[in-house]
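Below is the file upload34.cif, which contains mmCIF, C-alpha atoms (C1' of nucleotides).
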```cif
data_query
#
loop_
_atom_site.label_atom_id
_atom_site.label_comp_id
_atom_site.auth_asym_id
_atom_site.auth_seq_id
_atom_site.Cartn_x
_atom_site.Cartn_y
_atom_site.Cartn_z
CA MET A 25 -130.57 -51.35 -136.15
CA LEU A 26 -131.85 -50.23 -132.89
CA SER A 27 -135.25 -49.24 -134.10
CA ASN A 28 -137.13 -52.14 -132.57
CA MET A 29 -136.23 -52.27 -128.92
CA ASP A 30 -138.44 -55.25 -128.30
CA SER A 31 -135.70 -57.47 -129.62
CA PRO A 32 -132.52 -55.53 -129.16
CA VAL A 33 -129.73 -56.51 -131.46
CA ALA A 34 -126.74 -58.17 -129.88
CA HIS A 35 -128.44 -59.16 -126.66
CA PRO A 36 -126.04 -61.57 -124.94
CA ASP A 37 -128.09 -64.60 -125.84
CA HIS A 38 -129.52 -63.80 -129.23
CA ASP A 39 -129.18 -66.22 -132.13
CA HIS A 40 -125.98 -64.95 -133.60
CA GLN A 41 -125.77 -67.51 -136.37
CA ALA A 42 -128.83 -65.81 -137.80
CA CYS A 43 -126.95 -62.49 -137.80
CA ILE A 44 -124.06 -64.04 -139.68
CA ASP A 45 -126.31 -65.74 -142.21
CA ALA A 46 -128.29 -62.58 -142.80
CA ALA A 47 -125.13 -60.52 -143.23
CA LEU A 48 -123.57 -62.92 -145.71
CA GLY A 49 -126.80 -63.23 -147.61
CA ALA A 50 -127.13 -59.48 -147.85
CA ALA A 51 -123.51 -59.24 -148.93
CA ARG A 52 -123.97 -61.73 -151.75
CA GLU A 53 -127.07 -59.98 -152.92
CA LEU A 54 -125.49 -56.55 -152.82
CA CYS A 55 -122.45 -57.76 -154.71
CA LYS A 56 -124.58 -59.29 -157.41
CA GLU A 57 -126.62 -56.12 -157.66
CA LYS A 58 -123.53 -53.93 -157.94
CA GLN A 59 -121.69 -56.40 -160.14
CA GLN A 60 -118.90 -56.84 -157.67
CA LYS A 61 -117.22 -60.03 -156.63
CA LEU A 62 -117.35 -61.32 -153.09
CA THR A 63 -114.11 -63.27 -153.33
CA LYS A 64 -112.92 -65.88 -150.86
CA THR A 65 -110.72 -63.39 -149.03
CA ARG A 66 -113.40 -60.74 -148.86
CA GLU A 67 -115.94 -63.21 -147.58
CA LYS A 68 -113.56 -64.55 -144.95
CA VAL A 69 -112.88 -61.03 -143.75
CA LEU A 70 -116.57 -60.27 -143.59
CA ARG A 71 -117.17 -63.50 -141.66
CA LEU A 72 -114.46 -62.66 -139.18
CA ILE A 73 -115.94 -59.23 -138.65
CA TRP A 74 -119.36 -60.74 -138.12
CA ASP A 75 -117.93 -63.16 -135.62
CA SER A 76 -119.15 -60.73 -132.98
CA HIS A 77 -120.97 -57.47 -132.50
CA ARG A 78 -117.74 -55.89 -131.43
CA PRO A 79 -115.45 -53.82 -133.61
CA VAL A 80 -112.43 -55.80 -134.79
CA GLY A 81 -109.02 -54.40 -135.68
CA ALA A 82 -107.35 -55.08 -139.01
CA TYR A 83 -104.51 -56.98 -137.41
CA THR A 84 -106.90 -59.15 -135.42
CA ILE A 85 -108.56 -59.98 -138.70
CA MET A 86 -105.15 -60.89 -140.08
CA ASP A 87 -104.67 -63.25 -137.16
CA GLY A 88 -108.06 -64.74 -137.86
CA LEU A 89 -107.16 -65.31 -141.48
CA ALA A 90 -103.94 -66.99 -140.42
CA GLU A 91 -105.73 -69.64 -138.31
CA GLY A 92 -105.24 -73.06 -139.85
CA GLU A 93 -103.27 -71.68 -142.77
CA GLN A 94 -99.62 -72.19 -143.59
CA LYS A 95 -98.86 -68.68 -144.73
CA ARG A 96 -99.76 -65.47 -143.03
CA ILE A 97 -101.37 -62.93 -145.26
CA ALA A 98 -99.83 -59.45 -145.40
CA PRO A 99 -101.58 -56.25 -144.32
CA PRO A 100 -102.38 -54.90 -147.80
CA THR A 101 -104.62 -57.84 -148.59
CA VAL A 102 -106.67 -57.27 -145.46
CA TYR A 103 -106.89 -53.56 -146.03
CA ARG A 104 -107.98 -54.09 -149.61
CA ALA A 105 -110.76 -56.38 -148.46
CA LEU A 106 -111.74 -53.85 -145.83
CA ASP A 107 -111.77 -51.05 -148.38
CA PHE A 108 -113.95 -53.11 -150.64
CA LEU A 109 -116.41 -53.89 -147.86
CA LEU A 110 -116.43 -50.30 -146.67
CA GLU A 111 -117.02 -49.06 -150.18
CA LEU A 112 -120.07 -51.27 -150.53
CA GLY A 113 -121.27 -50.28 -147.10
CA LEU A 114 -121.08 -53.84 -145.81
CA ILE A 115 -118.99 -52.74 -142.88
CA HIS A 116 -118.31 -49.55 -140.98
CA ARG A 117 -115.14 -48.21 -139.47
CA ILE A 118 -115.30 -47.17 -135.83
CA ASN A 119 -112.85 -44.31 -135.84
CA SER A 120 -112.44 -44.04 -132.10
CA LEU A 121 -111.22 -47.64 -132.02
CA ASN A 122 -109.48 -48.04 -135.37
CA ALA A 123 -111.70 -51.02 -135.87
CA TYR A 124 -114.33 -52.43 -138.16
CA ILE A 125 -117.81 -53.78 -137.64
CA GLY A 126 -120.53 -55.23 -139.81
CA CYS A 127 -123.27 -52.96 -141.10
CA GLN A 128 -126.76 -53.86 -139.98
CA ASP A 129 -128.41 -52.75 -143.16
CA PRO A 130 -126.11 -52.36 -146.15
CA SER A 131 -128.99 -51.85 -148.55
CA HIS A 132 -129.79 -48.37 -147.30
CA GLU A 133 -127.83 -45.21 -146.58
CA HIS A 134 -124.46 -45.37 -144.94
CA HIS A 135 -124.29 -42.95 -142.15
CA CYS A 136 -122.55 -44.39 -139.21
CA TYR A 137 -124.27 -44.03 -135.85
CA PHE A 138 -123.09 -46.23 -133.01
CA LEU A 139 -123.51 -46.88 -129.35
CA ILE A 140 -120.28 -48.32 -128.01
CA CYS A 141 -119.78 -49.95 -124.64
CA THR A 142 -116.45 -48.94 -123.11
CA SER A 143 -116.51 -51.99 -120.90
CA CYS A 144 -117.36 -54.93 -123.16
CA ASN A 145 -116.82 -53.20 -126.50
CA LEU A 146 -120.26 -54.04 -127.76
CA ALA A 147 -121.18 -51.69 -130.61
CA ILE A 148 -124.76 -51.25 -131.67
CA GLU A 149 -125.67 -49.46 -134.84
CA VAL A 150 -128.57 -47.11 -134.36
CA ASP A 151 -131.08 -45.57 -136.69
CA PRO A 152 -129.87 -42.12 -137.77
CA GLU A 153 -133.38 -40.97 -138.54
CA SER A 154 -134.06 -39.02 -135.36
CA PHE A 155 -130.85 -37.04 -135.88
CA GLN A 156 -131.65 -35.88 -139.36
CA ALA A 157 -133.65 -32.85 -138.31
CA PRO A 158 -130.84 -31.23 -136.31
CA VAL A 159 -128.31 -32.24 -138.95
CA GLY A 160 -130.43 -30.59 -141.61
CA LYS A 161 -130.76 -27.44 -139.58
CA LEU A 162 -127.03 -27.38 -139.03
CA GLN A 163 -126.39 -27.80 -142.71
CA GLU A 164 -128.65 -24.90 -143.49
CA ARG A 165 -127.19 -22.57 -140.92
CA SER A 166 -123.58 -23.41 -141.59
CA GLY A 167 -123.57 -23.52 -145.36
CA PHE A 168 -121.86 -26.88 -145.18
CA ASP A 169 -122.74 -29.56 -147.65
CA ILE A 170 -122.72 -32.52 -145.29
CA ARG A 171 -121.89 -35.75 -147.07
CA GLN A 172 -120.93 -38.13 -144.32
CA GLN A 173 -122.27 -38.48 -140.84
CA ASN A 174 -120.42 -40.31 -138.15
CA MET A 175 -121.54 -40.49 -134.56
CA GLU A 176 -120.01 -42.54 -131.80
CA LEU A 177 -121.74 -42.52 -128.46
CA SER A 178 -119.68 -44.25 -125.79
CA GLY A 179 -120.73 -45.46 -122.40
CA LEU A 180 -121.88 -48.55 -120.61
CA CYS A 181 -124.30 -50.98 -122.18
CA GLN A 182 -127.21 -52.17 -120.11
CA HIS A 183 -125.58 -55.52 -119.51
CA CYS A 184 -122.35 -54.02 -118.17
CA ARG A 185 -124.24 -51.44 -116.18
CA GLU A 186 -126.24 -54.16 -114.45
CA ALA A 187 -123.05 -56.14 -113.90
CA GLY A 188 -121.68 -53.11 -112.11
CA SER A 189 -118.86 -52.28 -114.48
CA ASP A 190 -117.61 -48.77 -114.76
CA MET B 17 -119.47 -22.64 -131.33
CA LEU B 18 -121.75 -22.42 -134.20
CA SER B 19 -124.66 -21.06 -132.29
CA ASN B 20 -124.46 -17.51 -133.51
CA MET B 21 -124.39 -17.66 -137.27
CA ASP B 22 -124.20 -13.91 -137.61
CA SER B 23 -120.48 -14.11 -137.00
CA PRO B 24 -119.48 -17.59 -138.00
CA VAL B 25 -116.32 -18.82 -136.37
CA ALA B 26 -113.39 -19.42 -138.62
CA HIS B 27 -114.58 -17.32 -141.53
CA PRO B 28 -111.60 -16.89 -143.85
CA ASP B 29 -110.99 -13.32 -142.76
CA HIS B 30 -111.91 -13.27 -139.12
CA ASP B 31 -109.56 -11.88 -136.51
CA HIS B 32 -107.71 -15.01 -135.61
CA GLN B 33 -105.40 -13.42 -133.10
CA ALA B 34 -108.49 -12.86 -131.00
CA CYS B 35 -109.24 -16.59 -131.15
CA ILE B 36 -105.76 -17.41 -129.95
CA ASP B 37 -105.87 -14.88 -127.17
CA ALA B 38 -109.25 -16.06 -126.00
CA ALA B 39 -108.16 -19.68 -126.06
CA LEU B 40 -105.00 -19.05 -124.08
CA GLY B 41 -106.85 -16.89 -121.61
CA ALA B 42 -109.47 -19.55 -121.10
CA ALA B 43 -106.73 -22.15 -120.71
CA ARG B 44 -104.95 -20.18 -118.01
CA GLU B 45 -108.16 -19.61 -116.17
CA LEU B 46 -109.23 -23.23 -116.35
CA CYS B 47 -105.84 -24.41 -115.15
CA LYS B 48 -105.94 -22.09 -112.19
CA GLU B 49 -109.46 -23.21 -111.38
CA LYS B 50 -108.53 -26.88 -111.57
CA GLN B 51 -105.17 -26.34 -109.90
CA GLN B 52 -103.27 -27.64 -112.88
CA LYS B 53 -100.17 -26.20 -114.43
CA LEU B 54 -100.08 -24.84 -117.95
CA THR B 55 -96.38 -25.47 -118.43
CA LYS B 56 -94.28 -24.05 -121.24
CA THR B 57 -94.57 -27.21 -123.33
CA ARG B 58 -98.31 -27.49 -122.83
CA GLU B 59 -98.82 -23.87 -123.73
CA LYS B 60 -96.68 -24.18 -126.85
CA VAL B 61 -98.65 -27.21 -127.93
CA LEU B 62 -101.91 -25.40 -127.33
CA ARG B 63 -100.63 -22.42 -129.29
CA LEU B 64 -99.62 -24.61 -132.21
CA ILE B 65 -103.03 -26.21 -132.23
CA TRP B 66 -104.70 -22.82 -132.18
CA ASP B 67 -102.56 -21.71 -135.06
CA SER B 68 -105.51 -22.58 -137.27
CA HIS B 69 -109.05 -23.85 -137.18
CA ARG B 70 -107.88 -27.07 -138.74
CA PRO B 71 -107.12 -30.28 -136.91
CA VAL B 72 -103.37 -30.81 -136.47
CA GLY B 73 -101.58 -34.12 -136.17
CA ALA B 74 -99.28 -34.94 -133.29
CA TYR B 75 -96.24 -35.17 -135.53
CA THR B 76 -96.99 -31.83 -137.13
CA ILE B 77 -97.06 -30.39 -133.63
CA MET B 78 -93.69 -32.00 -132.99
CA ASP B 79 -92.36 -30.28 -136.10
CA GLY B 80 -93.79 -27.02 -134.84
CA LEU B 81 -92.08 -27.44 -131.51
CA ALA B 82 -88.80 -28.15 -133.27
CA GLU B 83 -88.81 -24.82 -135.15
CA GLY B 84 -85.97 -22.65 -133.94
CA GLU B 85 -84.87 -25.18 -131.32
CA GLN B 86 -81.69 -27.21 -131.22
CA LYS B 87 -83.18 -30.46 -130.09
CA ARG B 88 -86.23 -32.21 -131.42
CA ILE B 89 -88.64 -33.29 -128.78
CA ALA B 90 -89.70 -36.95 -128.76
CA PRO B 91 -93.27 -38.18 -129.27
CA PRO B 92 -94.07 -38.97 -125.63
CA THR B 93 -93.70 -35.36 -124.60
CA VAL B 94 -96.17 -34.22 -127.22
CA TYR B 95 -98.63 -36.96 -126.40
CA ARG B 96 -98.41 -36.12 -122.72
CA ALA B 97 -99.21 -32.50 -123.44
CA LEU B 98 -102.06 -33.58 -125.69
CA ASP B 99 -103.41 -35.89 -123.00
CA PHE B 100 -103.27 -33.10 -120.50
CA LEU B 101 -105.10 -30.70 -122.78
CA LEU B 102 -107.66 -33.33 -123.73
CA GLU B 103 -108.25 -34.16 -120.10
CA LEU B 104 -109.02 -30.55 -119.30
CA GLY B 105 -111.18 -30.25 -122.36
CA LEU B 106 -108.97 -27.57 -123.88
CA ILE B 107 -108.69 -29.52 -127.09
CA HIS B 108 -110.60 -32.25 -128.88
CA ARG B 109 -109.41 -35.20 -130.87
CA ILE B 110 -110.87 -35.60 -134.34
CA ASN B 111 -110.87 -39.37 -134.60
CA SER B 112 -111.46 -39.56 -138.31
CA LEU B 113 -108.26 -37.58 -138.89
CA ASN B 114 -106.05 -38.65 -135.98
CA ALA B 115 -105.70 -35.00 -135.25
CA TYR B 116 -106.31 -32.41 -132.57
CA ILE B 117 -108.12 -29.11 -132.51
CA GLY B 118 -108.80 -26.40 -129.95
CA CYS B 119 -112.05 -26.46 -128.03
CA GLN B 120 -114.27 -23.44 -128.52
CA ASP B 121 -115.61 -23.45 -125.01
CA PRO B 122 -113.61 -25.47 -122.52
CA SER B 123 -115.61 -24.17 -119.57
CA HIS B 124 -118.69 -26.22 -120.37
CA GLU B 125 -119.36 -29.85 -121.23
CA HIS B 126 -117.10 -31.75 -123.51
CA HIS B 127 -119.06 -33.49 -126.11
CA CYS B 128 -117.39 -33.30 -129.41
CA TYR B 129 -119.53 -32.23 -132.35
CA PHE B 130 -117.78 -31.10 -135.49
CA LEU B 131 -118.37 -30.07 -139.05
CA ILE B 132 -115.30 -30.96 -141.08
CA CYS B 133 -114.53 -29.80 -144.58
CA THR B 134 -113.00 -32.58 -146.66
CA SER B 135 -111.50 -30.05 -149.02
CA CYS B 136 -109.80 -27.43 -146.83
CA ASN B 137 -109.88 -29.35 -143.55
CA LEU B 138 -111.64 -26.58 -141.72
CA ALA B 139 -113.30 -27.98 -138.60
CA ILE B 140 -116.04 -26.10 -136.83
CA GLU B 141 -117.27 -27.10 -133.45
CA VAL B 142 -121.01 -27.00 -133.19
CA ASP B 143 -123.42 -26.72 -130.33
CA PRO B 144 -124.53 -30.22 -129.27
CA GLU B 145 -127.73 -28.89 -127.75
CA SER B 146 -130.08 -29.71 -130.59
CA PHE B 147 -128.88 -33.32 -130.57
CA GLN B 148 -129.56 -33.93 -126.91
CA ALA B 149 -133.19 -34.87 -127.34
CA PRO B 150 -132.53 -37.76 -129.72
CA VAL B 151 -129.50 -38.82 -127.70
CA GLY B 152 -131.62 -38.90 -124.57
CA LYS B 153 -134.27 -40.94 -126.26
CA LEU B 154 -131.65 -43.34 -127.51
CA GLN B 155 -130.19 -43.70 -124.06
CA GLU B 156 -133.59 -44.50 -122.65
CA ARG B 157 -134.49 -47.02 -125.28
CA SER B 158 -131.15 -48.77 -125.39
CA GLY B 159 -130.38 -48.97 -121.71
CA PHE B 160 -126.96 -47.50 -122.44
CA ASP B 161 -125.44 -45.04 -120.04
CA ILE B 162 -123.96 -42.65 -122.59
CA ARG B 163 -120.93 -40.84 -121.23
CA GLN B 164 -119.21 -39.45 -124.28
CA GLN B 165 -120.66 -38.08 -127.46
CA ASN B 166 -118.63 -37.69 -130.57
CA MET B 167 -120.03 -36.59 -133.90
CA GLU B 168 -118.09 -35.82 -137.04
CA LEU B 169 -120.04 -34.47 -139.98
CA SER B 170 -117.90 -34.28 -143.09
CA GLY B 171 -118.54 -32.45 -146.28
CA LEU B 172 -117.76 -29.21 -148.01
CA CYS B 173 -117.69 -25.91 -146.18
CA GLN B 174 -119.47 -22.98 -147.73
CA HIS B 175 -116.22 -21.43 -148.87
CA CYS B 176 -115.05 -24.55 -150.70
CA ARG B 177 -118.49 -25.17 -152.11
CA GLU B 178 -118.54 -21.69 -153.60
CA ALA B 179 -115.04 -22.17 -154.90
CA GLY B 180 -116.30 -25.24 -156.71
CA SER B 181 -114.33 -27.89 -154.87
CA ASP B 182 -115.65 -31.39 -154.57
"C1'" DA C 5 -81.87 -29.07 -97.49
"C1'" DT C 6 -84.73 -33.12 -98.12
"C1'" DC C 7 -88.30 -35.53 -99.72
"C1'" DG C 8 -92.32 -36.49 -102.44
"C1'" DT C 9 -94.67 -35.31 -106.46
"C1'" DT C 10 -95.19 -33.92 -111.00
"C1'" DA C 11 -93.28 -32.99 -115.58
"C1'" DT C 12 -90.10 -34.03 -119.03
"C1'" DG C 13 -86.24 -36.67 -121.43
"C1'" DT C 14 -84.82 -40.88 -123.76
"C1'" DT C 15 -84.85 -45.21 -125.96
"C1'" DA C 16 -87.09 -48.55 -127.90
"C1'" DT C 17 -91.04 -50.54 -129.78
"C1'" DA C 18 -96.08 -51.32 -130.67
"C1'" DT C 19 -99.99 -50.49 -133.68
"C1'" DT C 20 -102.25 -49.09 -137.73
"C1'" DG C 21 -102.01 -48.23 -142.46
"C1'" DT C 22 -99.85 -47.53 -147.53
"C1'" DA C 23 -96.82 -47.28 -151.72
"C1'" DA C 24 -95.01 -49.64 -155.32
"C1'" DC C 25 -94.37 -53.21 -158.13
"C1'" DA C 26 -94.85 -58.33 -159.35
"C1'" DC C 27 -97.70 -62.12 -160.24
"C1'" DG C 28 -101.90 -64.69 -161.15
"C1'" DA C 29 -106.70 -65.50 -162.39
"C1'" DT C 30 -110.49 -64.54 -165.13
"C1'" DA C 31 -113.06 -62.50 -168.91
"C1'" DT C 32 -113.54 -60.98 -173.43
"C1'" DC C 33 -113.20 -60.87 -177.97
"C1'" DA C 34 -110.89 -60.87 -182.51
"C1'" DT D 5 -107.59 -70.28 -179.32
"C1'" DG D 6 -104.52 -67.33 -178.01
"C1'" DA D 7 -103.69 -62.07 -177.22
"C1'" DT D 8 -104.80 -58.82 -174.10
"C1'" DA D 9 -107.20 -56.23 -170.71
"C1'" DT D 10 -108.87 -56.08 -166.05
"C1'" DC D 11 -109.12 -57.18 -161.56
"C1'" DG D 12 -107.52 -59.33 -157.39
"C1'" DT D 13 -103.78 -60.87 -154.69
"C1'" DG D 14 -98.76 -61.49 -153.14
"C1'" DT D 15 -94.58 -59.33 -151.45
"C1'" DT D 16 -91.45 -56.06 -149.73
"C1'" DA D 17 -90.63 -52.20 -147.70
"C1'" DC D 18 -92.01 -48.39 -145.19
"C1'" DA D 19 -94.96 -44.37 -143.31
"C1'" DA D 20 -97.71 -42.51 -139.67
"C1'" DT D 21 -99.56 -42.69 -135.22
"C1'" DA D 22 -98.97 -43.94 -130.47
"C1'" DT D 23 -97.19 -46.08 -126.08
"C1'" DA D 24 -94.18 -48.69 -122.51
"C1'" DA D 25 -90.60 -48.36 -119.42
"C1'" DC D 26 -87.31 -46.29 -117.12
"C1'" DA D 27 -84.22 -42.09 -116.15
"C1'" DT D 28 -83.76 -37.38 -114.98
"C1'" DA D 29 -85.12 -32.80 -113.76
"C1'" DA D 30 -88.03 -29.22 -111.72
"C1'" DC D 31 -90.85 -27.76 -108.22
"C1'" DG D 32 -93.30 -27.33 -103.68
"C1'" DA D 33 -94.05 -28.19 -99.05
"C1'" DT D 34 -92.28 -29.13 -94.86
#
```
With the file now loaded, output its structure as structure tokens.
Amino acid sequence: MLSNMDSPVAHPDHDHQACIDAALGAARELCKEKQQKLTKTREKVLRLIWDSHRPVGAYTIMDGLAEGEQKRIAPPTVYRALDFLLELGLIHRINSLNAYIGCQDPSHEHHCYFLICTSCNLAIEVDPESFQAPVGKLQERSGFDIRQQNMELSGLCQHCREAGSD
Amino acid sequence: MLSNMDSPVAHPDHDHQACIDAALGAARELCKEKQQKLTKTREKVLRLIWDSHRPVGAYTIMDGLAEGEQKRIAPPTVYRALDFLLELGLIHRINSLNAYIGCQDPSHEHHCYFLICTSCNLAIEVDPESFQAPVGKLQERSGFDIRQQNMELSGLCQHCREAGSD
DNA sequence: ATCGTTATGTTATATTGTAACACGATATCA
DNA sequence: TGATATCGTGTTACAATATAACATAACGAT
């Protein structure tokens, strides 16, 4: 999460293996806790998603699963794995891109707040905390019972901005 | 916009014809101002979208256009009209539903903040103002240049809550 | 009237996602 | 230990959403 800007997540030269390890560790733990099985397929899908900090489409994941295998797997299998991972909060769906990305902190709540770079596709999950006051006010004034929050803020990441993209 | 809760938009028995009229008036004005043409097709699409305060899918719009006509129109025509209307900010796209809804105030900025009822599909556009402080802070801390804001808050609207849906 | 521009028509196809049913693996428990 | 229940995956077919590419039509300015 982007709550500690001293070491921003997904900086071009961060130690990404650590991200992957942390994510898989958290996944195993969460599955044990919830008595769910992180099967081979599910783990592979999660790995492929964590291959980057960019949202990945379901069919790209299918391609990834096909690498070095004889048989291609059919869409339903991928979507089932995705549903499973979404359900547990291990991944999020980025609606504006029809794509999936690993959750930074599956142990907590599962609102979905993202900064998305339109140039390099980097997606950074941000801490929803500072938005909860206005959301609460809105809930009160509107009479809505808000159950899911999804925010996608698109623009240029610092890196792309400095590189002069637009 | 949900900024005046004394007369909440889209209340079950509001005067919807007034909404439609206002929307079409605003559309004509905006087109004139931006020197764009609100053609027959574009206006029909806008009308169909304003038929309700619920997001409408592109193919539903196609069905609507087909009513009372000999020939069905093909997808590209609808998508072109939608693109045009989106571009001018006359409608918004609700990404979580792959659907389109009229903009409450096309004259101003075009961030997209919505409350969406998962039971009746009602979607209410809300005033982004109270979210601008946290967004600004985020922008500062992340180095992102945020250009588009999209928030979809899903849950139960007051009406459905009172009717006991869940 | 002609030309350039903009809007629409048309055909085909890409992309994303599901329904429905069959098969297989694993767990449990009599 | 074998019946059976449950869960996960395979397979086929298809639905729903969206776009590419090229043709035609409508319109506006000269």
**Request:** Pick out the residues sitting within 12 Å of range 51-55 of chain B, and hand them over as a PyMOL selection string; count only C-alpha atoms (C1' of nucleotides), and ignore anything fewer than 4 positions along from it in its own chain.
**Result:** (chain B and resi 40-47+59-63+93+96-98+100-101+103-104+106) or (chain C and resi 10-12) or (chain D and resi 30-31)
I need the residues from that last selection saved to file as an mmCIF file, keeping the file's coordinate frame (with C-alpha atoms (C1' of nucleotides)), if you can.
```cif
data_model
loop_
_atom_site.group_PDB
_atom_site.id
_atom_site.type_symbol
_atom_site.label_atom_id
_atom_site.label_comp_id
_atom_site.auth_asym_id
_atom_site.auth_seq_id
_atom_site.Cartn_x
_atom_site.Cartn_y
_atom_site.Cartn_z
ATOM 1 C CA LEU B 40 -105.000 -19.050 -124.080
ATOM 2 C CA GLY B 41 -106.850 -16.890 -121.610
ATOM 3 C CA ALA B 42 -109.470 -19.550 -121.100
ATOM 4 C CA ALA B 43 -106.730 -22.150 -120.710
ATOM 5 C CA ARG B 44 -104.950 -20.180 -118.010
ATOM 6 C CA GLU B 45 -108.160 -19.610 -116.170
ATOM 7 C CA LEU B 46 -109.230 -23.230 -116.350
ATOM 8 C CA CYS B 47 -105.840 -24.410 -115.150
ATOM 9 C CA GLU B 59 -98.820 -23.870 -123.730
ATOM 10 C CA LYS B 60 -96.680 -24.180 -126.850
ATOM 11 C CA VAL B 61 -98.650 -27.210 -127.930
ATOM 12 C CA LEU B 62 -101.910 -25.400 -127.330
ATOM 13 C CA ARG B 63 -100.630 -22.420 -129.290
ATOM 14 C CA THR B 93 -93.700 -35.360 -124.600
ATOM 15 C CA ARG B 96 -98.410 -36.120 -122.720
ATOM 16 C CA ALA B 97 -99.210 -32.500 -123.440
ATOM 17 C CA LEU B 98 -102.060 -33.580 -125.690
ATOM 18 C CA PHE B 100 -103.270 -33.100 -120.500
ATOM 19 C CA LEU B 101 -105.100 -30.700 -122.780
ATOM 20 C CA GLU B 103 -108.250 -34.160 -120.100
ATOM 21 C CA LEU B 104 -109.020 -30.550 -119.300
ATOM 22 C CA LEU B 106 -108.970 -27.570 -123.880
ATOM 23 C "C1'" DT C 10 -95.190 -33.920 -111.000
ATOM 24 C "C1'" DA C 11 -93.280 -32.990 -115.580
ATOM 25 C "C1'" DT C 12 -90.100 -34.030 -119.030
ATOM 26 C "C1'" DA D 30 -88.030 -29.220 -111.720
ATOM 27 C "C1'" DC D 31 -90.850 -27.760 -108.220
#
```
**Asked** If we count all atoms listed in the file, what is near DG28 in chain C at a cut-off of 12 Å, once residues fewer than 6 positions away on the same chain are taken out, given as a list in words?
**Response** DC11, DG12, DT13 and DG14 of chain D
**Message:** Give me, as a list of chain:residue names, the residues of chain B touching chain A, with the criterion being at most 7 Å (counting all atoms listed in the file).
**Reply:**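 Using all atoms listed in the file, chain B residues at most 7 Å from chain A: B:Met21, B:Asn111, B:Ser112, B:Ser146, B:Phe147, B:Pro150, B:Arg157, B:Gly159, B:Phe160, B:Asp161, B:Ile162, B:Arg163, B:Gln164, B:Gln165, B:Asn166, B:Met167, B:Glu168, B:Leu169, B:Ser170, B:Gly171, B:Leu172, B:Cys173, B:Gln174.
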**Item:** Interface residues on chain C facing chain A, 12 Å, all atoms listed in the file, written as JSON, numbers by chain
**Value:** {"C": [19, 20, 21, 22, 23, 24, 29, 30]}
**Prompt:** Which distance in Å separates CA of His40 in chain A and CA of Leu110 in chain A, to one decimal?
**Reply:**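 Between CA of His40 in chain A and CA of Leu110 in chain A the gap works out to 21.8 Å.
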**Request:** Pull out every residue of chain D sitting within 10 Å of chain B, counting only C-alpha atoms (C1' of nucleotides), and send them as a PyMOL selection string.
**Result:** chain D and resi 20-23
**Request:** For Ile117 in chain B, please output as an MDAnalysis selection string all residues within 6 Å (counting all atoms listed in the file; exclusion window: fewer than 5 positions along the same chain).
**Result:** chainID B and resid 65 71 107:108
**Request:** Could you jot down the CA of Gly152 in chain B to CA of Cys43 in chain A separation for me, Å, one decimal place?
**Result:**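 Between CA of Gly152 in chain B and CA of Cys43 in chain A the gap is 27.4 Å.
Straight-line separation from C1' of DA24 in chain D to CA of Val94 in chain B: 15.3 Å.
Residues selected in this file by the PyMOL selection byres ((chain C and resi 8) around 12) comprise DT6, DC7, DT9 and DT10 of chain C; DC31, DG32, DA33 and DT34 of chain D.
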**Request:** Could you tell me which of A:Glu149, A:Ile85, A:His38, A:Ser131 comes closest to Ile97 in chain A if we count only C-alpha atoms?
**Result:**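 Closest candidate: A:Ile85.
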All file atoms of range 62-69 of chain A boxed axis-aligned, 5 Å per side, centre plus edges, as AutoDock Vina command-line options:
```
--center_x -114.0 --center_y -63.3 --center_z -148.5 --size_x 16.6 --size_y 15.1 --size_z 19.6
```
**Item:** Ala90 in chain B environment, 9 Å, only C-alpha atoms (C1' of nucleotides), sequence neighbours closer than 6 positions dropped, as a count of residues only
**Value:** 3
**Item:** Residues matched by the PyMOL selection byres ((chain C and resi 31) around 9) as an MDAnalysis selection string
**Value:** (chainID C and resid 30 32) or (chainID D and resid 9:10)
